[in-house]
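Q: For reference, the structure I am asking about is given below.
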Amino acid sequence: MNLGRAKAVEYSDAPSGTSGIDKRPVQGPVRIFEPGPKGVGASGVAGDAVCDTRHHGGTDQAVYAFAREDLDFWEQELGRPLANGSFGENLTTSGIDVNGARIGERWRIGPDLLLEVSSSRIPCRTFAAWLGERGWVKRFTRQAAPGAYLRVVEPGEVEAGDTVEIVHRPEHEVTVSFQFRAHTTERTLLPRLLAAGDALHQEDLAAVRKYEARLGG
């Protein structure tokens, strides 16, 4: 698990001028909980800072997961080491296909914690400034391996080395990568997001309606 502390940075869009994207590994155990809706709740990870609650945190972005395998890929691409937490993720996984996870897929971690995949991460200006790589947003977007946001179904604790078990995998086609491409490079995929049903993020539903209204108008 990785936690971030609020730090004052020049590139923050938060009213406070701070960011919690600089996340560092901790051994734990760390408590994971339902933080409440966006705009009210922040991170679902105890001790972790989400500074701009207008755009981050809340029920559907309670925990952010990114695969160690994808960090290894970017280490090679960028030519520099990337420690766990370097992409602002809370949960650095190993051996789990995070980007191939389906919206509504459920992960059991430890005896109590149950998480549900809710959406992909969309890169922002803060992420680009933190990485300090020119053209980062476009480069990250082309890779279409954004990592997954998760909501908390059942709270619990997690610590380094805990096993992630997939206990429910929906039948539909809407993976994290699919959802990401629908919002970025392949907008024609948006209507197909509806196959994820009730697990679909409310912002996804709004995007689909807007897209269909534009086509109809």
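Residues in the structure tokens are numbered from 1 in each chain, the chains being A, B, ... in the order shown, and ligands are numbered from 1 in the order shown.
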Hey, what's within 7 Å of A:Glu157 if we count only C-alpha atoms and toss same-chain stuff fewer than 4 positions away? As a ChimeraX atom specification, please?
A: /A:29-32,113
Q: Output the selection as a short mmCIF file (atom, residue, chain, number, x, y, z; two decimals), in the first residue's frame - N, CA, C and O atoms for each residue.
A:
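Printed below is out.cif as written:
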data_model
loop_
_atom_site.label_atom_id
_atom_site.label_comp_id
_atom_site.auth_asym_id
_atom_site.auth_seq_id
_atom_site.Cartn_x
_atom_site.Cartn_y
_atom_site.Cartn_z
N PRO A 29 -0.60 -2.72 8.77
CA PRO A 29 -1.84 -2.74 7.98
C PRO A 29 -2.47 -1.36 7.85
O PRO A 29 -2.28 -0.51 8.71
N VAL A 30 -3.20 -1.17 6.74
CA VAL A 30 -3.86 0.10 6.45
C VAL A 30 -5.36 -0.16 6.33
O VAL A 30 -5.78 -1.10 5.64
N ARG A 31 -6.15 0.67 6.94
CA ARG A 31 -7.61 0.51 6.90
C ARG A 31 -8.17 1.10 5.61
O ARG A 31 -7.83 2.21 5.22
N ILE A 32 -9.06 0.35 4.95
CA ILE A 32 -9.74 0.78 3.73
C ILE A 32 -11.23 0.89 4.04
O ILE A 32 -11.81 -0.04 4.62
N LEU A 113 -11.67 -7.28 3.43
CA LEU A 113 -11.78 -6.23 2.42
C LEU A 113 -12.31 -6.77 1.09
O LEU A 113 -11.79 -7.74 0.55
#
Q: Using DSSP on the backbone coordinates, identify the residues of stretch 36-109 of chain A assigned to strand (DSSP E or B); present them as a ChimeraX atom specification.
A: /A:38,41,45,63-67,91-93,102,106-109
Q: What would the file look like if the residues just selected were written as a short mmCIF file (atom, residue, chain, number, x, y, z; two decimals), in the first residue's frame with all heavy atoms?
A:
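New file out-v1.cif:
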data_model
loop_
_atom_site.label_atom_id
_atom_site.label_comp_id
_atom_site.auth_asym_id
_atom_site.auth_seq_id
_atom_site.Cartn_x
_atom_site.Cartn_y
_atom_site.Cartn_z
N LYS A 38 -18.27 11.74 -4.01
CA LYS A 38 -17.31 12.74 -4.48
C LYS A 38 -17.78 14.13 -4.10
O LYS A 38 -18.97 14.45 -4.16
CB LYS A 38 -17.15 12.65 -6.01
CG LYS A 38 -16.13 13.64 -6.56
CD LYS A 38 -15.98 13.50 -8.07
CE LYS A 38 -15.18 12.27 -8.42
NZ LYS A 38 -14.82 12.24 -9.87
N GLY A 41 -16.53 13.01 0.34
CA GLY A 41 -15.48 12.09 0.76
C GLY A 41 -14.21 12.30 -0.04
O GLY A 41 -14.23 12.84 -1.15
N VAL A 45 -8.60 5.35 1.75
CA VAL A 45 -7.44 4.73 2.39
C VAL A 45 -7.03 5.59 3.59
O VAL A 45 -6.68 6.76 3.41
CB VAL A 45 -6.27 4.61 1.40
CG1 VAL A 45 -5.07 3.93 2.05
CG2 VAL A 45 -6.70 3.85 0.15
N VAL A 63 -10.11 3.91 -4.01
CA VAL A 63 -8.78 3.30 -4.05
C VAL A 63 -8.32 3.28 -5.51
O VAL A 63 -9.12 3.00 -6.42
CB VAL A 63 -8.80 1.85 -3.51
CG1 VAL A 63 -7.42 1.22 -3.56
CG2 VAL A 63 -9.37 1.80 -2.09
N TYR A 64 -7.05 3.59 -5.73
CA TYR A 64 -6.51 3.53 -7.09
C TYR A 64 -5.44 2.44 -7.15
O TYR A 64 -4.51 2.41 -6.33
CB TYR A 64 -5.91 4.88 -7.48
CG TYR A 64 -5.21 4.89 -8.83
CD1 TYR A 64 -5.82 4.35 -9.96
CD2 TYR A 64 -3.94 5.44 -8.96
CE1 TYR A 64 -5.18 4.36 -11.19
CE2 TYR A 64 -3.30 5.46 -10.18
CZ TYR A 64 -3.92 4.92 -11.30
OH TYR A 64 -3.27 4.92 -12.52
N ALA A 65 -5.59 1.52 -8.12
CA ALA A 65 -4.65 0.41 -8.28
C ALA A 65 -3.91 0.52 -9.60
O ALA A 65 -4.48 0.87 -10.64
CB ALA A 65 -5.41 -0.92 -8.23
N PHE A 66 -2.62 0.21 -9.55
CA PHE A 66 -1.79 0.19 -10.76
C PHE A 66 -0.86 -1.01 -10.67
O PHE A 66 -0.36 -1.35 -9.59
CB PHE A 66 -0.98 1.49 -10.88
CG PHE A 66 -0.47 1.77 -12.26
CD1 PHE A 66 -1.30 2.32 -13.22
CD2 PHE A 66 0.84 1.48 -12.61
CE1 PHE A 66 -0.85 2.59 -14.50
CE2 PHE A 66 1.30 1.74 -13.90
CZ PHE A 66 0.47 2.29 -14.84
N ALA A 67 -0.64 -1.66 -11.79
CA ALA A 67 0.14 -2.90 -11.81
C ALA A 67 1.64 -2.63 -11.77
O ALA A 67 2.14 -1.75 -12.48
CB ALA A 67 -0.21 -3.72 -13.05
N LEU A 91 -2.63 1.14 -4.38
CA LEU A 91 -2.42 -0.31 -4.40
C LEU A 91 -1.58 -0.67 -5.61
O LEU A 91 -2.03 -0.51 -6.75
CB LEU A 91 -3.78 -1.02 -4.45
CG LEU A 91 -3.83 -2.53 -4.40
CD1 LEU A 91 -3.25 -3.05 -3.08
CD2 LEU A 91 -5.26 -3.03 -4.57
N THR A 92 -0.35 -1.12 -5.38
CA THR A 92 0.51 -1.60 -6.46
C THR A 92 0.39 -3.11 -6.50
O THR A 92 0.80 -3.80 -5.56
CB THR A 92 1.97 -1.19 -6.24
OG1 THR A 92 2.06 0.21 -6.00
CG2 THR A 92 2.80 -1.53 -7.47
N THR A 93 -0.21 -3.63 -7.58
CA THR A 93 -0.49 -5.06 -7.66
C THR A 93 0.62 -5.80 -8.41
O THR A 93 1.43 -5.20 -9.11
CB THR A 93 -1.82 -5.32 -8.40
OG1 THR A 93 -1.67 -4.90 -9.78
CG2 THR A 93 -2.96 -4.55 -7.76
N ARG A 102 -12.72 -6.14 -15.47
CA ARG A 102 -13.99 -5.63 -15.97
C ARG A 102 -14.68 -4.74 -14.94
O ARG A 102 -14.55 -4.98 -13.74
CB ARG A 102 -14.90 -6.79 -16.36
CG ARG A 102 -14.34 -7.61 -17.52
CD ARG A 102 -15.14 -8.86 -17.79
NE ARG A 102 -14.50 -9.66 -18.83
CZ ARG A 102 -14.87 -10.89 -19.16
NH1 ARG A 102 -15.87 -11.47 -18.51
NH2 ARG A 102 -14.24 -11.54 -20.11
N ARG A 106 -14.93 -7.90 -8.79
CA ARG A 106 -14.70 -7.75 -7.35
C ARG A 106 -13.44 -8.49 -6.91
O ARG A 106 -13.20 -9.62 -7.33
CB ARG A 106 -15.92 -8.22 -6.56
CG ARG A 106 -17.12 -7.31 -6.76
CD ARG A 106 -18.27 -7.62 -5.83
NE ARG A 106 -19.29 -6.58 -5.93
CZ ARG A 106 -20.34 -6.48 -5.13
NH1 ARG A 106 -20.51 -7.37 -4.15
NH2 ARG A 106 -21.21 -5.50 -5.28
N TRP A 107 -12.68 -7.80 -6.06
CA TRP A 107 -11.42 -8.33 -5.54
C TRP A 107 -11.51 -8.48 -4.02
O TRP A 107 -11.85 -7.54 -3.32
CB TRP A 107 -10.26 -7.39 -5.85
CG TRP A 107 -9.98 -7.13 -7.29
CD1 TRP A 107 -10.57 -7.72 -8.38
CD2 TRP A 107 -9.03 -6.20 -7.81
NE1 TRP A 107 -10.05 -7.23 -9.54
CE2 TRP A 107 -9.09 -6.29 -9.23
CE3 TRP A 107 -8.14 -5.30 -7.23
CZ2 TRP A 107 -8.30 -5.50 -10.06
CZ3 TRP A 107 -7.35 -4.52 -8.05
CH2 TRP A 107 -7.42 -4.63 -9.45
N ARG A 108 -11.18 -9.66 -3.54
CA ARG A 108 -11.09 -9.91 -2.11
C ARG A 108 -9.61 -9.81 -1.70
O ARG A 108 -8.75 -10.47 -2.29
CB ARG A 108 -11.63 -11.29 -1.76
CG ARG A 108 -11.45 -11.71 -0.31
CD ARG A 108 -12.36 -10.96 0.63
NE ARG A 108 -13.77 -11.33 0.46
CZ ARG A 108 -14.76 -10.76 1.12
NH1 ARG A 108 -14.50 -9.77 1.99
NH2 ARG A 108 -16.01 -11.13 0.91
N ILE A 109 -9.33 -8.97 -0.70
CA ILE A 109 -7.98 -8.83 -0.20
C ILE A 109 -8.03 -9.04 1.31
O ILE A 109 -8.67 -8.27 2.03
CB ILE A 109 -7.39 -7.44 -0.52
CG1 ILE A 109 -7.50 -7.13 -2.02
CG2 ILE A 109 -5.94 -7.36 -0.08
CD1 ILE A 109 -7.01 -5.76 -2.42
#
Q: Do a neighbour search on stretch 141-153 of chain A at 7 Å with only C-alpha atoms, toss out local chain neighbours closer than 2 positions, and write the hits as a VMD selection string.
A: chain A and resid 33 to 34 59 to 67 98 to 99 114 to 121 137 to 139 155 176 to 177 180 to 181
Q: Let's have the selection written as a short mmCIF file (atom, residue, chain, number, x, y, z; two decimals), in the first residue's frame, with N, CA, C and O atoms.
A:
data_model
loop_
_atom_site.label_atom_id
_atom_site.label_comp_id
_atom_site.auth_asym_id
_atom_site.auth_seq_id
_atom_site.Cartn_x
_atom_site.Cartn_y
_atom_site.Cartn_z
N PHE A 33 -11.84 2.00 3.65
CA PHE A 33 -13.23 2.25 4.04
C PHE A 33 -13.96 3.00 2.93
O PHE A 33 -13.35 3.53 1.99
N GLU A 34 -15.29 3.06 3.05
CA GLU A 34 -16.14 3.81 2.13
C GLU A 34 -16.06 5.29 2.52
O GLU A 34 -16.48 5.68 3.61
N THR A 59 -16.76 7.83 -3.36
CA THR A 59 -17.18 6.43 -3.42
C THR A 59 -16.59 5.66 -4.59
O THR A 59 -16.08 4.55 -4.42
N ASP A 60 -16.65 6.22 -5.80
CA ASP A 60 -16.22 5.48 -6.98
C ASP A 60 -14.73 5.61 -7.29
O ASP A 60 -14.24 5.00 -8.23
N GLN A 61 -14.03 6.40 -6.49
CA GLN A 61 -12.57 6.52 -6.64
C GLN A 61 -11.91 6.40 -5.26
O GLN A 61 -10.99 7.14 -4.92
N ALA A 62 -12.39 5.44 -4.50
CA ALA A 62 -11.91 5.29 -3.12
C ALA A 62 -10.48 4.79 -3.06
O ALA A 62 -9.70 5.18 -2.19
N VAL A 63 -10.11 3.91 -4.01
CA VAL A 63 -8.78 3.30 -4.05
C VAL A 63 -8.32 3.28 -5.51
O VAL A 63 -9.12 3.00 -6.42
N TYR A 64 -7.05 3.59 -5.73
CA TYR A 64 -6.51 3.53 -7.09
C TYR A 64 -5.44 2.44 -7.15
O TYR A 64 -4.51 2.41 -6.33
N ALA A 65 -5.59 1.52 -8.12
CA ALA A 65 -4.65 0.41 -8.28
C ALA A 65 -3.91 0.52 -9.60
O ALA A 65 -4.48 0.87 -10.64
N PHE A 66 -2.62 0.21 -9.55
CA PHE A 66 -1.79 0.19 -10.76
C PHE A 66 -0.86 -1.01 -10.67
O PHE A 66 -0.36 -1.35 -9.59
N ALA A 67 -0.64 -1.66 -11.79
CA ALA A 67 0.14 -2.90 -11.81
C ALA A 67 1.64 -2.63 -11.77
O ALA A 67 2.14 -1.75 -12.48
N VAL A 98 -4.79 -5.65 -14.18
CA VAL A 98 -5.60 -4.51 -13.74
C VAL A 98 -6.36 -3.89 -14.90
O VAL A 98 -7.56 -3.59 -14.80
N ASN A 99 -5.70 -3.69 -16.04
CA ASN A 99 -6.34 -3.03 -17.17
C ASN A 99 -7.33 -3.93 -17.90
O ASN A 99 -8.23 -3.45 -18.59
N LEU A 114 -13.34 -6.11 0.55
CA LEU A 114 -13.89 -6.44 -0.76
C LEU A 114 -13.99 -5.15 -1.57
O LEU A 114 -14.68 -4.20 -1.17
N LEU A 115 -13.30 -5.11 -2.71
CA LEU A 115 -13.29 -3.95 -3.58
C LEU A 115 -13.96 -4.27 -4.91
O LEU A 115 -13.95 -5.43 -5.35
N GLU A 116 -14.51 -3.25 -5.56
CA GLU A 116 -15.16 -3.43 -6.86
C GLU A 116 -14.57 -2.44 -7.86
O GLU A 116 -14.52 -1.23 -7.57
N VAL A 117 -14.17 -2.93 -9.01
CA VAL A 117 -13.62 -2.07 -10.07
C VAL A 117 -14.71 -1.15 -10.58
O VAL A 117 -15.80 -1.59 -10.95
N SER A 118 -14.43 0.15 -10.60
CA SER A 118 -15.45 1.13 -10.99
C SER A 118 -15.13 1.89 -12.26
O SER A 118 -16.04 2.23 -13.02
N SER A 119 -13.85 2.19 -12.52
CA SER A 119 -13.51 3.00 -13.69
C SER A 119 -12.01 3.04 -13.88
O SER A 119 -11.24 2.53 -13.04
N SER A 120 -11.59 3.69 -14.95
CA SER A 120 -10.17 3.89 -15.21
C SER A 120 -9.73 5.25 -14.69
O SER A 120 -10.55 6.12 -14.40
N ARG A 121 -8.44 5.44 -14.63
CA ARG A 121 -7.87 6.74 -14.28
C ARG A 121 -7.67 7.54 -15.57
O ARG A 121 -7.11 7.05 -16.55
N VAL A 137 0.68 13.25 -20.96
CA VAL A 137 -0.73 12.88 -21.04
C VAL A 137 -1.02 12.12 -22.33
O VAL A 137 -1.68 11.07 -22.32
N LYS A 138 -0.52 12.60 -23.45
CA LYS A 138 -0.73 11.92 -24.73
C LYS A 138 -0.06 10.56 -24.75
O LYS A 138 -0.61 9.58 -25.25
N ARG A 139 1.13 10.49 -24.20
CA ARG A 139 1.87 9.23 -24.21
C ARG A 139 1.18 8.18 -23.34
O ARG A 139 1.03 7.02 -23.74
N PRO A 155 -15.50 -2.94 3.98
CA PRO A 155 -14.25 -2.37 4.49
C PRO A 155 -13.36 -3.43 5.13
O PRO A 155 -13.81 -4.52 5.50
N VAL A 176 -11.36 -2.14 -17.94
CA VAL A 176 -10.80 -0.84 -17.58
C VAL A 176 -10.21 -0.16 -18.81
O VAL A 176 -10.43 1.03 -19.05
N SER A 177 -9.44 -0.91 -19.60
CA SER A 177 -8.85 -0.34 -20.81
C SER A 177 -9.91 0.07 -21.82
O SER A 177 -9.82 1.13 -22.46
N PHE A 180 -11.50 3.26 -20.68
CA PHE A 180 -10.56 4.36 -20.87
C PHE A 180 -10.54 4.81 -22.33
O PHE A 180 -10.60 6.01 -22.63
N ARG A 181 -10.47 3.86 -23.25
CA ARG A 181 -10.43 4.20 -24.68
C ARG A 181 -11.73 4.87 -25.12
O ARG A 181 -11.72 5.76 -25.97
#
Q: Quick one: of A:Gly20, A:Pro37, A:Pro170, A:Gly47, who's nearest to A:Gly100, counting only C-alpha atoms?
A: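 Selected residue with least distance to A:Gly100: A:Pro170.
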Q: Could you give me, as a list in words, the residues within 10 Å of A:Leu71, counting only C-alpha atoms and dropping anything in the same chain fewer than 4 positions from it?
A: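 Selected residues are Phe66, Ala67, Glu75, Gln76, Glu77, Pro81, Leu82, Ala83, Asn84, Gly85, Ser86, Phe87 and Thr92 of chain A.
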Q: Name the residues in contact with stretch 23-25 of chain A at a cut-off of 6 Å, using only C-alpha atoms, excluding same-chain residues fewer than 3 positions from it; report them as a VMD selection string.
A: chain A and resid 1 to 4 85 88
Q: For the atom pair atom CA of A:Ile96 and atom CA of A:Val26, what is the interatomic distance in Å to one decimal place?
A: 20.2 Å
Q: For a test of reading the model, state the distance in Å between atom CA of A:Leu194 and atom CA of A:Val174, rounded to one decimal.
A: 8.6 Å
Q: Kindly indicate which residue among A:Asp72, A:Asp52, A:Asp112, A:Asp162 lies nearest to A:Gly28, using only C-alpha atoms for the distances.
A: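 Among A:Asp72, A:Asp52, A:Asp112, A:Asp162, it is A:Asp162 that comes nearest to A:Gly28.
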Q: Given only C-alpha atoms as the basis, pick out the residue of A:Val50, A:Ala213, A:Leu131, A:Ala160 nearest to A:Arg80.
A: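 Of all the options, A:Leu131 lies closest to A:Arg80.
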